[in-house]
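Before any comments, here is the structure.
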Amino acid sequence: MAETKKIVRVTDVTKDFDLSKIVVQVLKGIDLEIETGKYISIMGPSGSGKSTLFNMIGGLDKPTSGKVFIDEVDIAQLDAYELAWLRCRKIGYIFQTFNLIPVMTALENITIPMTFAGVGNDDALKRGMELLDQVGLTGRHSHRPSELSGGQQQRVAVARALANSPSIILADEPTGNLDLTTGEDIIRLLKDLSMKRGVTVISATHDYKMLNVSDQVVWIRDGRIDKIQERSELEIQTGGLENAHP
Amino acid sequence: MRRLVALPLKKSFQMAYQSIRVRFFRSLVTTMSLVLAVAFLCFVQTGNDIASGLATSNDSQIIRSLTKAGYDIDPVTNDIAGSAKQRWIVFLSLLVCVVGIVNAQLMSVTERFREIGTLKCLGALDRFIVRIFVIEATLQGLTGAFSGAVLGAVGALLTSLIRFGFYAMTFVSSTDILLTMLYAVCTGTILSLLGVLYPAIVASRMQPVEAMRVDQ
């Protein structure tokens, strides 16, 4: 196969939400292919169906019609056990609100996915420490989330997402709760890891800082894909913006 | 090969223990209703045990003070009949206790919504969540019921000591009291488990998407 592998394939996906009185059509037929190792941003105004699409890709929600393939596996065909396995091994999640387990230390938070994956305790601890080093939190392993700053918590979350060496990292507004510079740090960290490890990063965002590092930007509007831009097209546009606001 | 996620029992214990330790005050409140209910149960039962022991003494003075204390002694078999009213009160107190536990555990589930959702995103199965909650409830139940049983038994012994004096205590069977305590501990643990069942199922049914929700 000469072509690069498609890690995520979404074909003609629609999603309706039944609100008893009315049925809201959130996604109106989405076709999307994401190549392995790319850094993808899904952009769109709130209410555009961005998060819904994002949840579909993450296997957190099932489409009303159409198919979602992750690594060429149709996720609608998976049972609860296989879905859990997929979430555990193939996908790493990063949330806007960090979502670390408050009662556990940073290291324990990172090792949970490894425990679920059946990695032995010693190996998990060793790998957990390595990951902490990689995200720049050496020596903070015994701190609880409440003892870490927002940026540090998000770093722990990044390390946790990487714990089982997933093929995809899904980041839902990873910089949404962070200030400008911390947000940039996290974006740089994600980009770095994506380049080094060849992990596909998919992030839903409306943070324009993300655009600079994205290989591809998918614009969603009103439940459809508005346009897909490559990196090269983007730079011209952002350049234009900068000129417009000197 | 079947692709399975796993959570070793030891790790589940660790997670449950940690959760109790960090939310110690909260667990204490949950356990308190159990301690009180079990203490009451144990107090009443131990009281009956002691009275039965005294009834077999055939000491007319002790029997008289027993009747004065309100115990009904069967004139033929010399047995103490636990009154129906007493049983009802114990039953009601246990019922109230279970309702209290359900309430407290439901609160705890709501409090931990995001945590549960996150665990599920990381690959936890429904039964991992149930298991963690059940282990937590067992630990709380055992500790709570044990303290309650000790409290109740000691209370009953002290009351009888004051009421009937040292001499009477020689007729009391310690095996009976220990058995009663064991029974009280088991009842308490079962109640704790009963109380956590519904909340644990609610927690395990939670969808992982919930973890994504931003509203606190």
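Chain labels A, B, ... are given in the sequence in which chains occur in the structure tokens; within each chain residues are numbered consecutively from 1, and ligands are likewise numbered from 1 in the order shown.
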
inquiry  = I need the chain A residues near chain B as a PyMOL selection string; criterion: at most 8 Å, counting only C-alpha atoms.
reply    = chain A and resi 55+60-61+80-88+92-93+95-97+99-104+112-113+115-118+172

Include C-alpha atoms and write out the residues we just selected as a compact mmCIF listing (two decimals), in the first residue's frame.
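To be explicit, this is the file written out as again_9.txt:
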```
# COMPACT_ATOMS: atom_id res chain seq x y z
CA ASN A 55 -17.16 11.77 20.54
CA LEU A 60 -17.82 7.41 23.12
CA ASP A 61 -21.00 7.73 21.13
CA ALA A 80 -18.75 -3.44 25.53
CA TYR A 81 -15.55 -5.38 26.27
CA GLU A 82 -13.94 -4.65 22.92
CA LEU A 83 -14.95 -1.02 23.15
CA ALA A 84 -13.31 -0.77 26.57
CA TRP A 85 -10.22 -2.40 25.14
CA LEU A 86 -10.19 0.08 22.28
CA ARG A 87 -10.48 3.02 24.67
CA CYS A 88 -7.75 1.57 26.79
CA GLY A 92 -5.73 8.40 24.65
CA TYR A 93 -8.10 11.06 25.88
CA PHE A 95 -10.02 16.66 28.43
CA GLN A 96 -10.63 20.34 28.77
CA THR A 97 -11.09 19.93 32.51
CA ASN A 99 -10.16 14.96 34.65
CA LEU A 100 -7.44 13.48 36.76
CA ILE A 101 -8.64 11.21 39.54
CA PRO A 102 -8.46 13.56 42.54
CA VAL A 103 -7.69 10.90 45.15
CA MET A 104 -4.67 9.57 43.29
CA ILE A 112 -4.29 3.36 35.78
CA PRO A 113 -4.59 2.80 32.01
CA THR A 115 -3.21 -1.48 35.00
CA PHE A 116 -6.34 -1.85 32.89
CA ALA A 117 -4.17 -3.03 30.01
CA GLY A 118 -2.68 -5.73 32.20
CA ASP A 172 -11.10 17.98 23.57
```

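Every residue of range 1-95 of chain A found in helix (DSSP H, G or I) when DSSP is run on the backbone appears here: Lys50, Ser51, Thr52, Leu53, Phe54, Asn55, Met56, Ile57, Ile75, Ala76, Gln77, Ala80, Tyr81, Glu82, Leu83, Ala84, Trp85, Leu86, Arg87, Cys88 and Arg89 of chain A.
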
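Closest to Ala55 in chain B among B:Val172, B:Leu142, B:Leu194, B:Val134 is B:Val172, based on only C-alpha atoms.
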
ask   = Looking at A:Val156, A:Ala161, A:Val13, A:Leu148, which one is nearest to Gln25 in chain A, with distances taken over only C-alpha atoms?
value = A:Val13

task = Please provide the set of residues having any atom within 12 Å of Thr170 in chain B, restricted to only C-alpha atoms, with same-chain residues fewer than 5 positions apart removed, written as a ChimeraX atom specification.
result = /B:50-51,53-54,56-57,62,157,160-161,164-165

Please produce an output containing N, CA and C atoms for each residue in the selection, written as a CSV table (one decimal), in the first residue's frame.
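Written file, part_30.csv:
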```csv
chain,number,residue,atom,x,y,z
B,50,ILE,N,-27.9,-11.5,78.2
B,50,ILE,CA,-27.5,-11.3,79.6
B,50,ILE,C,-28.7,-11.7,80.5
B,51,ALA,N,-29.9,-11.3,80.1
B,51,ALA,CA,-31.1,-11.6,80.8
B,51,ALA,C,-31.4,-13.1,80.8
B,53,GLY,N,-29.1,-15.4,80.6
B,53,GLY,CA,-28.1,-16.0,81.5
B,53,GLY,C,-28.6,-15.8,82.9
B,54,LEU,N,-29.1,-14.7,83.2
B,54,LEU,CA,-29.5,-14.4,84.6
B,54,LEU,C,-30.7,-15.3,84.9
B,56,THR,N,-31.4,-18.2,84.1
B,56,THR,CA,-31.0,-19.6,84.4
B,56,THR,C,-30.4,-19.7,85.8
B,57,SER,N,-30.1,-18.6,86.4
B,57,SER,CA,-29.4,-18.6,87.7
B,57,SER,C,-30.3,-19.2,88.8
B,62,ILE,N,-32.3,-12.3,91.8
B,62,ILE,CA,-32.0,-11.8,90.5
B,62,ILE,C,-33.2,-11.9,89.6
B,157,LEU,N,-23.4,-4.5,78.6
B,157,LEU,CA,-22.8,-5.1,79.8
B,157,LEU,C,-22.7,-4.1,80.9
B,160,SER,N,-26.1,-3.6,82.5
B,160,SER,CA,-26.5,-4.7,83.4
B,160,SER,C,-25.7,-4.7,84.6
B,161,LEU,N,-24.5,-4.4,84.5
B,161,LEU,CA,-23.6,-4.4,85.7
B,161,LEU,C,-24.2,-3.4,86.7
B,164,PHE,N,-27.8,-5.0,87.9
B,164,PHE,CA,-27.8,-6.3,88.6
B,164,PHE,C,-26.6,-6.6,89.5
B,165,GLY,N,-25.6,-5.9,89.4
B,165,GLY,CA,-24.4,-6.1,90.3
B,165,GLY,C,-23.4,-7.1,89.7
```

ask   = Using only C-alpha atoms, which residues sit within 7 Å of Ile75 in chain A once same-chain residues fewer than 6 positions away are excluded, as a PyMOL selection string?
value = chain A and resi 59+68-69

request  = Name all residues at most 12 Å from Gln134 in chain A (count only C-alpha atoms; drop same-chain ones fewer than 4 positions away) and give them as a PyMOL selection string.
outcome  = chain A and resi 127-130+138-139+155-156+158-160+162-163+189-190+192-193+196-197

task = In Å, rounded to a single decimal, give me how far CA of Met43 in chain A is from CA of Glu173 in chain A.
result = 10.1 Å

Who sits within 8 Å of Ile40 in chain A, only C-alpha atoms, same chain under 5 positions skipped, as a PyMOL selection string = chain A and resi 34+200-203+214-218

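Residue-level DSSP output for range 48-151 of chain A, from the backbone, shows strand (DSSP E) at Ser65, Gly66, Lys67, Val68, Phe69, Ile70, Val73, Asp74, Ile91, Gly92, Tyr93 and Ile94 of chain A.
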